[in-house]
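Shown next, in structure tokens, is the structure this report addresses.
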Amino acid sequence: MTARQIAKRVLFLLMLIVAVVFARSCIMNSENGDHDNGYKYLIGVSQPNLSEPWRVAMNEEIQQEVSKHEDMRVIFTDAAQSSDQQAQDVQKLVGYGIDLLIISLDDPVALTQTVSAVYNDIPVIVLGRGVTGYDYTLYVGTDDEMIGRKAGEFAKNTLGAAGGNIVEIQGLAGSPTVEERSKGFRDAIQISKLSIVQTMNADWQRDRAEDLLIDWLKEHRDVDLVFAHNEAMALGAYRAVQRYDIKNINIIGIDGVNSENGSLKLVSENKLTGTFTSPPGGKEAIRYAIDILNKEKGIPKKVILRSQKITDQWVDTSQTKFTPSPDPSTDSPEAPLVVGFAQVGMESGWRIAHTKSVIDAAKEAGVELLYENADQSQDKQIELIRRFIKQKVDVIAFSPKTETGWDEVLQEAKQAGIPVILSDREVNVSDDTLWTAYIGSDFREEGRRAARWLIQQSKEEQRYQIVELQGTPFSAPAVGRKQGFNEVIGTDNHFAIVESLEGDFTKKQGKELMAAALKRHGSKIDVVYSHNDDMALGAVEAIEDFGLRPGKDIIIISVDATKSALKALSIGKLNFAVECNALLGPQLMKAVKDLSEGKELPMKIITSEGVFTQESAKMALASREY
């Protein structure tokens with residue numbers, strides 16, 4: 001090689017090194033958060049695969065939303081169906097200096113540690129399919145158990161009273177999404193003549209679903225319906241059925257992506273009987289990412305998007321559209337929004353704080369609040385809602401006493417064109433489009449967190465007898481907190497609930513129920529799990545009256561983490577409290593303003609909440625956080 005050739009090669013290598021350094025500098029974060037090429041924020045998006053149209057739609061939504069912001073850039077990765085590759089992709093994105101990670105998962109369990117590690121350094125939005133644990137900034141997705149339940153109800157209506165045989169095609173085995181969709185579906189068809197004759201895991205893939213069903217259909221033709229957990233597998237099922245030219249098999253899918261081979265098209269061509277949308281959530285992820293990066297207050301922990309049923313007769317009735325009522329006294333556009341708020345009552349310290357938060361937030365937002373207290377009467381709450389409808393308020397908000405019994409009055413509100421926001425408690429109605437949004441806690445997760453702490457603190461050689469103090473019967477907090485606690489405790493044979501007593505969230509009732517339990521079981525009670533602080537504090541008094549030491553002789557776990565509970569924790573009379581955020585007023589008023597601006601609200605906005613031990617309660621009180 002001549003000297004001239006060597007010189008050219010050296011020059012080329014130097015230029016290559018400079019180009020690599022320059023390219024890396026374009027995507028690396030400077031210490032003040034500004035990037036060298038003029039944009040402020042760099043977002044990394046990690047996908048497990050791009051073989052599903054649903055995931056392609058998710059990326060498209062993200063890109064479209066990012067394009068609206070000149071100070072933002074995004075990098076996408078595709079792990080090609082490998083969890084190991086996705087973990088490596090995440091590390092590469094972090095190495096590029098991203099300011100926020102958006103990650104969607106096929107195998108949440110395999111990626112949990114990866115997500116947790118990133119969450120320690122930068123914000124993480126988990127999108128579409130959840131991650132185990134609580135180590136993330138925000139989850140945006142759908143209620144998969146509810147979607148499964150809707151699919152089950154649709155299957156029952158489709159096959160009718162005669163029933164029939166069902167093949168269920170699931171996604172990745174062990175995925176929380178699979179478990180929740182399957183549970184909802186099976187719960188819905190439990191009391192019917194429907195029978196699941198075969199379950200197969202096709203890992204969300206069309207070709208695998210097609211191959212598995214082709215093999216199964218070789219020897220089994222007595223099938224009436226296929227329930228596939230996503231649209232790709234539903235299309236695979238359709239192809240398998242066509243392979244054998246089998247008639248009259250109904251196919252239900254999930255996703256509803258309006259793409260070339262998406263469910264909307266498949267339904268319109270009668271290839272699918274129906275489907276249930278699972279919105280990709282890309283645009284919502286970016287909107288919340290902006291709030292997170294700008295350190296806005298009141299960022300929720302979870303945002304649950306609404307799912308709709310799509311059939312050949314589909315009409316979009318997702319939610320009541322906001323139409324502000326005209327002020328009869330003036331034509332001024334400055335007339336304040338009017339919100340009718342029917343509070344369930346004042347049964348606890350938490351409820352008092354919740355009410356104050358709503359009133360204060362309305363005043364600060366310039367919203368006219370028509371506040372009424374229902375005094376723990378569901379009939380009175382219904383009467384108040386009807387009064388608000390007659391007054392033609394812009395928005396109705398209320399904290400329902402129980403989950404059921406609201407269909408009729410909510411239908412009246414919908415017919416009047418008035419959106420309804422649920423604050424703190426949910427309802428169980430036949431049509432979830434009767435309400436616009438829920439703002440509050442994930443009560444089931446609160447119960448799970450209480451149980452997880454108890455298991456972590458338990459001794460291997462000991463068996464624990466638990467007394468549960470429930471809240472108001474059939475109320476959303478009581479149902480959810482009981483269900484979540486039992487889910488986790490039921491996996492460990494060290495624990496047994498010896499009594500589950502129904503209260504009403506009051507200190508008086510908590511004391512009475514605990515006193516009665518102590519008479520029956522005495523010192524054999526090891527743990528009290530109370531659905532709220534007021535009942536827990538009542539139980540403390542009953543335990544002391546019985547001659548035992550609360551927090552020492554009996555472990556006491558509570559939910560709410562009010563100031564009174566933290567004081568009891570700090571002096572050792574309670575052992576653990578799961579926070580239930582009472583300060584929902586600002587989020588409620590933001591939702592009202594968003595509706596007035598024509599924005600679509602998520603189905604559920606779940607608040608971010610913490611937990612308190614005896615030590616952390618002392619620190620919180622000392623720092624005047626409460």
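Each chain in the structure tokens gets a letter, A, B, ..., in the order shown, and its residues are numbered from 1; ligands are numbered from 1 in order too.
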Please produce, as a Markdown table, a per-residue contact table for range 379-430 of chain A versus range 560-582 of chain A (criterion: any atom at most 12 Å away, only C-alpha atoms considered), showing the nearest atom pair and its distance in Å to one decimal, sorted by chain then residue number.
```
| residue | atom | partner | partner_atom | distance |
| --- | --- | --- | --- | --- |
| A:Ser399 | CA | A:Ala582 | CA | 11.9 |
| A:Ser423 | CA | A:Ala582 | CA | 10.0 |
| A:Asp424 | CA | A:Ala582 | CA | 8.0 |
| A:Arg425 | CA | A:Ala582 | CA | 11.5 |
```
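Using only C-alpha atoms, the residues found no farther than 8 Å from Ser475 in chain A, other than those of its own chain fewer than 6 positions away, are Pro400, Lys401, Thr402, Glu403 and Arg425 of chain A.
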Please dump the current selection as a PDB file, in the first residue's frame; keep N, CA and C atoms.
```
ATOM      1  N   PRO A 400     -70.657   7.429  44.075  1.00  0.00           N
ATOM      2  CA  PRO A 400     -71.791   6.537  44.328  1.00  0.00           C
ATOM      3  C   PRO A 400     -71.644   5.730  45.605  1.00  0.00           C
ATOM      4  N   LYS A 401     -72.743   5.573  46.328  1.00  0.00           N
ATOM      5  CA  LYS A 401     -72.706   4.805  47.578  1.00  0.00           C
ATOM      6  C   LYS A 401     -72.377   3.350  47.300  1.00  0.00           C
ATOM      7  N   THR A 402     -73.050   2.753  46.336  1.00  0.00           N
ATOM      8  CA  THR A 402     -72.799   1.354  45.963  1.00  0.00           C
ATOM      9  C   THR A 402     -72.540   1.281  44.459  1.00  0.00           C
ATOM     10  N   GLU A 403     -72.158   0.105  43.976  1.00  0.00           N
ATOM     11  CA  GLU A 403     -71.835  -0.044  42.564  1.00  0.00           C
ATOM     12  C   GLU A 403     -73.075  -0.161  41.676  1.00  0.00           C
ATOM     13  N   ARG A 425     -65.508   6.572  43.452  1.00  0.00           N
ATOM     14  CA  ARG A 425     -66.111   5.248  43.408  1.00  0.00           C
ATOM     15  C   ARG A 425     -66.701   4.963  42.033  1.00  0.00           C
TER      16      ARG A 425
END
```
Find the residues around Gly128 in chain A up to 9 Å (only C-alpha atoms counted), leave out those fewer than 3 positions away in its own chain, and share them as a PDB file with N, CA, C and O atoms, in the first residue's frame.
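And here is the file that came out, result19.pdb:
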```pdb
ATOM      1  N   ARG A  55     -49.753  -2.797  16.971  1.00  0.00           N
ATOM      2  CA  ARG A  55     -48.519  -2.135  17.400  1.00  0.00           C
ATOM      3  C   ARG A  55     -48.051  -1.118  16.354  1.00  0.00           C
ATOM      4  O   ARG A  55     -47.498  -0.070  16.702  1.00  0.00           O
ATOM      5  N   MET A  58     -50.001   1.858  16.987  1.00  0.00           N
ATOM      6  CA  MET A  58     -49.500   2.526  18.188  1.00  0.00           C
ATOM      7  C   MET A  58     -48.330   3.454  17.838  1.00  0.00           C
ATOM      8  O   MET A  58     -48.291   4.624  18.244  1.00  0.00           O
ATOM      9  N   ILE A 103     -42.642   2.030  26.741  1.00  0.00           N
ATOM     10  CA  ILE A 103     -42.392   0.615  26.460  1.00  0.00           C
ATOM     11  C   ILE A 103     -43.709  -0.150  26.449  1.00  0.00           C
ATOM     12  O   ILE A 103     -44.569   0.040  27.306  1.00  0.00           O
ATOM     13  N   SER A 104     -43.881  -0.990  25.431  1.00  0.00           N
ATOM     14  CA  SER A 104     -45.008  -1.901  25.355  1.00  0.00           C
ATOM     15  C   SER A 104     -44.443  -3.320  25.392  1.00  0.00           C
ATOM     16  O   SER A 104     -43.359  -3.573  24.862  1.00  0.00           O
ATOM     17  N   LEU A 105     -45.170  -4.227  26.020  1.00  0.00           N
ATOM     18  CA  LEU A 105     -44.589  -5.527  26.350  1.00  0.00           C
ATOM     19  C   LEU A 105     -45.444  -6.684  25.860  1.00  0.00           C
ATOM     20  O   LEU A 105     -46.670  -6.608  25.843  1.00  0.00           O
ATOM     21  N   TYR A 139     -49.109   4.088  33.499  1.00  0.00           N
ATOM     22  CA  TYR A 139     -49.579   3.021  32.614  1.00  0.00           C
ATOM     23  C   TYR A 139     -50.740   3.564  31.791  1.00  0.00           C
ATOM     24  O   TYR A 139     -51.689   4.151  32.344  1.00  0.00           O
ATOM     25  N   VAL A 140     -50.689   3.376  30.478  1.00  0.00           N
ATOM     26  CA  VAL A 140     -51.781   3.746  29.589  1.00  0.00           C
ATOM     27  C   VAL A 140     -52.237   2.482  28.875  1.00  0.00           C
ATOM     28  O   VAL A 140     -51.447   1.830  28.182  1.00  0.00           O
ATOM     29  N   GLY A 141     -53.490   2.118  29.038  1.00  0.00           N
ATOM     30  CA  GLY A 141     -53.973   0.891  28.405  1.00  0.00           C
ATOM     31  C   GLY A 141     -55.470   0.749  28.585  1.00  0.00           C
ATOM     32  O   GLY A 141     -56.182   1.726  28.815  1.00  0.00           O
ATOM     33  N   THR A 142     -55.938  -0.469  28.498  1.00  0.00           N
ATOM     34  CA  THR A 142     -57.360  -0.754  28.636  1.00  0.00           C
ATOM     35  C   THR A 142     -57.598  -1.680  29.818  1.00  0.00           C
ATOM     36  O   THR A 142     -56.665  -2.263  30.369  1.00  0.00           O
ATOM     37  N   SER A 278     -59.281  -2.118  21.464  1.00  0.00           N
ATOM     38  CA  SER A 278     -58.266  -1.916  22.496  1.00  0.00           C
ATOM     39  C   SER A 278     -57.388  -0.791  21.984  1.00  0.00           C
ATOM     40  O   SER A 278     -56.403  -1.028  21.283  1.00  0.00           O
ATOM     41  N   PRO A 279     -57.761   0.478  22.262  1.00  0.00           N
ATOM     42  CA  PRO A 279     -57.059   1.620  21.677  1.00  0.00           C
ATOM     43  C   PRO A 279     -55.553   1.535  21.918  1.00  0.00           C
ATOM     44  O   PRO A 279     -55.121   1.213  23.024  1.00  0.00           O
ATOM     45  N   PRO A 280     -54.730   1.791  20.890  1.00  0.00           N
ATOM     46  CA  PRO A 280     -53.273   1.703  21.061  1.00  0.00           C
ATOM     47  C   PRO A 280     -52.729   2.643  22.131  1.00  0.00           C
ATOM     48  O   PRO A 280     -51.754   2.318  22.795  1.00  0.00           O
ATOM     49  N   GLY A 281     -53.343   3.822  22.279  1.00  0.00           N
ATOM     50  CA  GLY A 281     -52.926   4.742  23.346  1.00  0.00           C
ATOM     51  C   GLY A 281     -51.706   5.581  23.030  1.00  0.00           C
ATOM     52  O   GLY A 281     -51.176   6.251  23.915  1.00  0.00           O
ATOM     53  N   GLY A 282     -51.255   5.573  21.760  1.00  0.00           N
ATOM     54  CA  GLY A 282     -50.051   6.316  21.415  1.00  0.00           C
ATOM     55  C   GLY A 282     -50.176   7.807  21.640  1.00  0.00           C
ATOM     56  O   GLY A 282     -49.292   8.441  22.226  1.00  0.00           O
TER      57      GLY A 282
END
```
Which distance in Å separates CA of Val409 in chain A and CA of Glu383 in chain A, to one decimal?
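Result for CA of Val409 in chain A versus CA of Glu383 in chain A: 8.9 Å, one decimal.
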So which residues of range 119-276 of chain A fall under strand (DSSP E) by DSSP, listed as a count of residues only?
38
Proximity check range 471-502 of chain A to range 438-451 of chain A, 9 Å, nearest pairs one decimal Å, only C-alpha atoms, as a Markdown table:
```
| residue | atom | partner | partner_atom | distance |
| --- | --- | --- | --- | --- |
| A:Ala476 | CA | A:Phe443 | CA | 7.5 |
| A:Pro477 | CA | A:Phe443 | CA | 5.5 |
| A:Ala478 | CA | A:Phe443 | CA | 8.0 |
| A:Val479 | CA | A:Arg444 | CA | 7.9 |
| A:Gly480 | CA | A:Arg444 | CA | 4.2 |
| A:Arg481 | CA | A:Gly447 | CA | 4.2 |
| A:Lys482 | CA | A:Gly447 | CA | 6.3 |
| A:Gln483 | CA | A:Arg444 | CA | 6.2 |
| A:Gly484 | CA | A:Arg444 | CA | 4.3 |
| A:Phe485 | CA | A:Gly447 | CA | 4.2 |
| A:Asn486 | CA | A:Arg448 | CA | 7.8 |
| A:Glu487 | CA | A:Arg448 | CA | 7.1 |
| A:Val488 | CA | A:Ala451 | CA | 6.0 |
| A:Ile489 | CA | A:Ala451 | CA | 6.0 |
```
Residue nearest Arg351 in chain A - candidates A:Asp375, A:Gly164, A:Ser195, A:Gly547, atoms counted: only C-alpha atoms:
A:Asp375
